[in-house]
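See structure below.
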Amino acid sequence: MRAVQRLPAAAAFASLGCSLGHLGDFDVPKCDDDAKCAPLNEYHGLSPQTDCLTYHCRSDADGCELRMTDFDGDGFVGASCARRIADSASVDCQDDDPDVYPGNEELCDGKDNDCDRVIDEGTAPERDQVVLTLAAADPDDVATSVCFGSPKAAPVTSADRDPAPVFACSAEEHAVAAQLLIPDGDPPRADPLVFAYQRTQDTVGFEKAESADQNCPTQASFLKCTFDDTVAARIDGAWIVSAISRAGCSAGQLRVGYREGDGSPEVGLRGPDQHSNLYLGVDVGDGACTGASRDSGIEGVTRLSLAGQNGDTRQALLAVIADRFDRPICGGSSRDVEVLGVWLEQLGQDLMWTNGANDGIPQVLGQSSGGGRPVVQAIKSEGVPLGYVVAYGASEGGLALHRLPLFDDPPAYERGQAQSRSTVPIELGTKTLLFSDHLVDHVALTQVGVEGDHLELGLAWVEGCGRSDAQILFARARYFWDSHTFVGDKPLKVASAKRLHEPPSLLHVDSGFVAPGFQRGGSTAASDRGGGFFVAWRDAAAGNELGAARVLELDSKLLDVTTLKEASDAVGLHLFYAGDSATFAFYEPASGKVRAGPLQCGRSAAVGDEHPGAAD
């Protein structure tokens, strides 16, 4: 701050309310607002926009006086100029915004209005700003049904944040229906996606492929499928799709295919000169379940989870539980957790290959006694794929974590070879068991970032699935590249509820929770530590209340809890990014609509009235 010159006599009189004398070639009038004091500031080279000490009109409007500048005019001086103020509570924490000053009412605007360094505490953004009617598929296709809700509440993943997730659904017969939720569209919409499985027949080498059958194929006959669960991953404009079919296998067969552009998923024929080692599905022989790929002989598959990676390999990792498709919501029996690596390969101009690792036979990661699906997270840093993390509740208690590297490219296909190409198993990595004194079920997982020698993750899970004392826990974990192990922080209790029997939803945000300078437990928030995690859940009791909590990244402790919906006919609750906005969505069976809204104040997802979908 520049030094202030001593006032000449005329200026001294002006500061005392006198209008006598001259300053240069102009008079200094008696003031009634700050503008009348501008000549004094100009004479001394002072700027009310930059200098802490400037001339202002006195509160009694009797003249100009030299005092500290309130740059935004809200009555409080900013910290950069307030060193002489003994009462720190009177310091304006942001002196360029008149809506921010000590003692102001906290508003839902993305600002720290009351200068306590916590942003938007005790407020909530306007909820349900987007109302989406689920659109039916083409009239010739099977009508869409919605599979939010445990255990089918699995949002389809994308290798990028755009587009928003697909909410996977079941459908009768051959079509697997889903809804692509686009809450920031114009107008907001829920577009139907119908994955009609077909087999691809190679007619002239690899020059031509034809859709031979729209039904779900089995070895015995081309029976129409009855699909149960569905997951998909978007990779470079294509979709890898997996579903459970109960045609010829009441316990559930695993189907894997792809969808390129607007086409339907294709499951190619198996063997030499044919297009996939996944054509028959998993554990299928003579049109029935056999358990042939498992030493235990357990039939069926359930709790699908899938994540894909963009890049030259166009690959995805699928995780399942080796049990019947109707496994109880809270589990109970110990069953294998399996993974299957899948590639998409372009073999010709119009021909793709859906290739499963290990000859299309899933590999065992570990065992789980929980009812929740294993969760798969595709890990990347600045767009560079770094492999996958799989998490699930371990049968021995605690949370099992595996880091799997990217799969190697399969060898080049050779026409006429005696067997499918990818007989080599994928590398499973080493299992780490964390929080072994907790009963872990229904896990949620999100990537925070890559920090040099380690990977940062956020984890949330349900303990006491289905019980009256169920609770949601949160913890952060780190995977160290050199030692290939995970290390977890002490778990934090986020919320209790009467009945939690589906996974919480978890989302990491970079900023907007606290302002720089916030202090707690000896830690101080910098500009890059002002974000954290949203954890959201649905209590199946208490009117299906939807709740959300903010966990601060600075110290991994609870910041506050809010209610998204006090009582609702809600099924499923998902958090995700719509563009750059943190968003929540849930389904209301009674109205047949998806409701979506922003999670953070000042960051609206898509504001508007009710927007009907295509079915209206």
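Letters for chains follow the order of the structure tokens (A, B, ...), residue numbers begin at 1 for each chain, and ligand numbers begin at 1 in the order shown.
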
Legend entry - Surrounding residues of Ser381 of chain A excluding itself and chain neighbours under 2 positions, 10 Å, only C-alpha atoms, as a list of chain:residue names: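 So the residues in contact are A:Ile379, A:Gly383, A:Val384, A:Pro385, A:Leu386, A:Gln447, A:Gly449, A:Val450, A:Glu451, A:Leu455.
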
Legend entry - Shortest interatomic distance to Gly387 of chain A - which of A:Arg373, A:Arg403, A:Arg67, A:His508, counting only C-alpha atoms: A:Arg403

Legend entry - Spatial neighbours of Gly458 of chain A, 7 Å, only C-alpha atoms, chain gap at least 5 places, as a list in words: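 My list of contacting residues is Leu445, Thr446, Gln447, Val448, Ala475, Arg476 and Ala477 of chain A.
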
Same residues, C-alpha atoms, saved as a PDB file, in the first residue's frame:
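What follows is the written file out.pdb:
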ATOM      1  CA  LEU A 445     -16.311 -46.669  -5.241  1.00  0.00           C
ATOM      2  CA  THR A 446     -14.985 -43.516  -6.905  1.00  0.00           C
ATOM      3  CA  GLN A 447     -11.599 -42.277  -8.080  1.00  0.00           C
ATOM      4  CA  VAL A 448     -10.224 -39.079  -6.541  1.00  0.00           C
ATOM      5  CA  ALA A 475     -13.405 -44.216   4.045  1.00  0.00           C
ATOM      6  CA  ARG A 476     -10.607 -43.140   1.786  1.00  0.00           C
ATOM      7  CA  ALA A 477      -8.041 -45.584   0.475  1.00  0.00           C
TER       8      ALA A 477
END

Inset, instruction - List the neighbours of segment 483-500 of chain A out to 7 Å using only C-alpha atoms; skip same-chain residues closer than 3 positions along the sequence, and give me the result as a PyMOL selection string. - result: chain A and resi 432+434+462+465-480+538-541+557-558
